[in-house]
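J.: Provided herewith: start_28.txt, compact mmCIF, C-alpha atoms.
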# COMPACT_ATOMS: atom_id res chain seq x y z
CA PHE A 9 175.81 45.45 98.57
CA ILE A 10 177.64 48.49 97.20
CA GLY A 11 180.66 48.54 94.90
CA ILE A 12 182.66 51.57 93.85
CA CYS A 13 184.25 52.23 90.48
CA ALA A 14 185.01 55.85 89.72
CA GLY A 15 187.27 58.00 87.64
CA ASP A 16 189.70 56.29 85.30
CA ASP A 17 189.89 52.91 87.08
CA TRP A 18 188.09 49.84 85.75
CA TRP A 19 186.99 46.38 86.80
CA HIS A 20 188.82 43.90 84.57
CA ASN A 21 187.95 40.61 86.29
CA GLN A 22 184.59 39.35 85.01
CA HIS A 23 184.07 37.40 88.25
CA LYS A 24 184.77 40.32 90.62
CA LEU A 25 181.22 40.93 91.79
CA GLN A 26 180.31 37.26 91.99
CA LEU A 27 183.43 36.43 94.00
CA GLN A 28 182.91 39.21 96.52
CA VAL A 29 179.13 39.01 96.88
CA GLU A 30 179.28 35.25 97.37
CA PHE A 31 181.89 35.74 100.09
CA LEU A 32 179.72 38.31 101.90
CA LYS A 33 176.61 36.13 101.61
CA LYS A 34 178.45 33.17 103.14
CA ASN A 35 180.18 35.25 105.85
CA GLU A 36 177.65 37.54 107.51
CA ASN A 37 180.12 38.69 110.15
CA TYR A 38 182.13 40.47 107.41
CA GLY A 39 180.93 43.83 106.16
CA LEU A 40 183.55 44.60 103.51
CA VAL A 41 185.69 42.61 101.11
CA PHE A 42 188.51 43.99 98.96
CA THR A 43 190.96 42.53 96.48
CA ASP A 44 194.33 42.99 94.87
CA TYR A 45 194.70 45.13 91.74
CA LYS A 46 196.84 46.03 88.74
CA ILE A 47 198.33 49.47 88.25
CA VAL A 48 198.63 51.25 84.92
CA GLU A 49 200.83 54.33 84.70
CA ILE A 50 200.04 56.53 81.71
CA ASP A 51 202.49 59.03 80.31
CA THR A 52 200.22 61.91 79.30
CA GLU A 53 202.79 63.29 76.86
CA THR A 54 203.42 60.11 74.87
CA GLY A 55 200.23 58.19 75.65
CA SER A 56 202.27 55.11 76.53
CA ALA A 57 201.15 52.86 79.37
CA PHE A 58 203.15 50.79 81.81
CA PHE A 59 201.38 48.01 83.75
CA SER A 60 202.54 46.71 87.13
CA SER A 61 201.06 44.92 90.12
CA SER A 62 200.18 46.18 93.54
CA ASN A 63 201.98 44.70 96.50
CA HIS A 64 200.13 41.76 98.00
CA ILE A 65 198.74 42.69 101.36
CA VAL A 66 200.20 40.53 104.11
CA ILE A 67 198.27 41.93 107.04
CA LYS A 68 196.39 39.62 109.39
CA GLU A 69 192.69 40.40 109.69
CA ASP A 70 192.85 40.77 113.46
CA ASN A 71 195.19 43.79 113.25
CA MET A 72 193.98 45.35 109.99
CA TYR A 73 192.57 48.38 111.85
CA GLU A 74 195.98 49.29 113.28
CA HIS A 75 197.54 49.05 109.82
CA LEU A 76 194.79 51.21 108.33
CA LEU A 77 195.56 53.89 110.91
CA ARG A 78 199.09 54.05 109.47
CA GLY A 79 197.85 54.47 105.89
CA ASN A 80 195.29 53.49 103.30
CA PHE A 81 196.28 50.27 101.53
CA ILE A 82 192.81 49.54 100.12
CA SER A 83 192.06 50.61 96.55
CA ALA A 84 188.46 51.88 96.52
CA ALA A 85 187.50 50.20 93.25
CA THR A 86 188.35 46.77 94.69
CA VAL A 87 185.81 47.09 97.51
CA ILE A 88 182.32 45.65 97.93
CA PHE A 89 180.56 46.37 101.23
CA ARG A 90 177.22 45.82 102.86
CA ARG A 91 174.67 48.55 102.23
CA ASP A 92 173.44 48.49 105.84
CA VAL A 93 176.97 49.08 107.17
CA PHE A 94 177.33 52.08 104.88
CA PHE A 95 174.02 53.71 105.84
CA LYS A 96 174.43 52.99 109.54
CA TYR A 97 177.95 54.38 110.03
CA ILE A 98 178.96 56.68 107.17
CA ASP A 99 178.44 60.45 107.31
CA PHE A 100 180.20 62.32 104.49
CA ASN A 101 179.49 65.68 106.12
CA GLU A 102 181.43 64.56 109.20
CA PHE A 103 184.36 63.51 107.00
CA LYS A 104 184.33 66.93 105.37
CA LEU A 105 184.29 68.67 108.77
CA GLN A 106 187.29 66.57 109.83
CA GLY A 107 189.23 67.76 106.76
CA PHE A 108 189.30 64.59 104.69
CA LEU A 109 189.68 65.35 100.96
CA MET A 110 188.68 61.85 99.79
CA GLU A 111 185.87 59.67 101.07
CA ASP A 112 187.33 56.18 100.84
CA TYR A 113 189.93 56.23 103.61
CA PRO A 114 187.65 57.67 106.33
CA MET A 115 184.96 55.19 105.25
CA TRP A 116 187.33 52.27 105.82
CA LEU A 117 188.44 53.69 109.17
CA GLU A 118 184.84 54.04 110.34
CA MET A 119 183.55 50.75 108.96
CA ILE A 120 186.37 48.60 110.32
CA GLN A 121 185.44 49.66 113.85
CA HIS A 122 182.04 47.98 113.39
CA THR A 123 182.62 45.05 111.03
CA LYS A 124 185.29 42.69 109.76
CA PHE A 125 187.19 43.20 106.48
CA LYS A 126 188.36 40.42 104.19
CA TYR A 127 191.21 40.65 101.68
CA ILE A 128 191.11 38.33 98.67
CA PRO A 129 194.49 38.20 96.88
CA ILE A 130 193.03 38.19 93.36
CA LYS A 131 193.48 41.10 90.96
CA THR A 132 190.03 42.40 90.01
CA ILE A 133 190.57 46.01 88.94
CA THR A 134 193.06 48.24 87.15
CA TYR A 135 194.04 51.38 89.02
CA THR A 136 195.17 54.26 86.79
CA VAL A 137 198.01 56.60 87.67
CA ALA A 138 198.45 59.52 85.30
Reformat the file's structure so that it appears as structure tokens.
T.:
Amino acid sequence: FIGICAGDDWWHNQHKLQLQVEFLKKNENYGLVFTDYKIVEIDTETGSAFFSSSNHIVIKEDNMYEHLLRGNFISAATVIFRRDVFFKYIDFNEFKLQGFLMEDYPMWLEMIQHTKFKYIPIKTITYTVA
């Protein structure tokens, strides 16, 4: 399994990995699981922080691909996915050639064509907006 946590985001739920890995172990037809998250907005001038919640995702699994085509609603740091799915389908050079500036969104678009995604409505990470 592979989990992502980069930049100024952080995993705040001590059960994040256990929750997601256990789900993937019990559900082999799923290749990726993601969760809800908190948002922290930091005022760089004052250093003050304002915490809020993301919007719960209310998309049915059977039409998640169509919703992803409209926009990325998955926060990268919430995701755990199967290593074999990543190495079988993901080519960063191809994403670069297609003009993507970030890797997460094209990864989701590619992976969801080959495996099922599961959303767990539990906040496991804090996403930073500066």
J.: From the list A:Thr54, A:Asn101, A:Ser83, A:Val41, which residue is nearest Trp18 of chain A when using only C-alpha atoms?
T.: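 Under the stated criterion, the closest residue is A:Ser83.
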J.: Could you list, as a PyMOL selection string, every residue within 12 Å of Val93 of chain A, counting only C-alpha atoms and ignoring same-chain residues fewer than 2 positions away?
T.: chain A and resi 9-10+36-40+88-91+95-99+115-116+118-125
J.: Do you know which residues are at most 9 Å from Phe81 of chain A counting only C-alpha atoms, after dropping those on the same chain fewer than 6 positions away, and could you put them as a PDB file with C-alpha atoms, keeping the file's coordinate frame?
T.:
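Printed below is out_23.pdb as written:
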ATOM      1  CA  ILE A  65     198.740  42.690 101.360  1.00  0.00           C
ATOM      2  CA  HIS A  75     197.540  49.050 109.820  1.00  0.00           C
ATOM      3  CA  TYR A 113     189.930  56.230 103.610  1.00  0.00           C
TER       4      TYR A 113
END
J.: Quick check, in Å to one decimal: how far apart do atom CA of Ser62 of chain A and atom CA of Ile50 of chain A lie?
T.: 15.7 Å
J.: Do you know which residues are at most 10 Å from Val87 of chain A counting all atoms listed in the file, after dropping those on the same chain fewer than 6 positions away, and could you put them as an MDAnalysis selection string?
T.: chainID A and resid 10:13 24:25 28 40:44 112 116 125:127 132:133
J.: For atom CA of Phe94 of chain A and atom CA of Asp70 of chain A, determine how far apart the two atoms are, in Å to one decimal place.
T.: 21.0 Å
J.: Around segment 32-38 of chain A, with edges along x, y and z and 6 Å added on all six sides, what centre and edge lengths do you get, in Å to one decimal, as JSON?
T.:
{"center_x": 179.4, "center_y": 36.8, "center_z": 105.9, "size_x": 17.5, "size_y": 19.3, "size_z": 20.5}
J.: Smallest atom-to-atom distance to Lys131 of chain A: which of A:Ala85, A:Leu76, A:Leu32, A:Ala14, using all atoms listed in the file?
T.: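 Ranking A:Ala85, A:Leu76, A:Leu32, A:Ala14 by distance to Lys131 of chain A, first place goes to A:Ala85.
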J.: Go ahead and compute the interatomic distance for atom CA of Lys68 of chain A and atom CA of Asn80 of chain A, in Å to one decimal.
T.: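 That distance, rounded to one decimal, is 15.2 Å.
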J.: Closest to Leu27 of chain A among A:Pro129, A:Lys104, A:Gly15, A:Ala138, using all atoms listed in the file?
T.: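 Closest to Leu27 of chain A of all the choices is A:Pro129.
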J.: Here is a test: counting all atoms listed in the file, which residue of A:Ile47, A:Ile82, A:Gly55, A:Ile130 is nearest to Ile67 of chain A?
T.: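 Under the stated criterion, the closest residue is A:Ile82.
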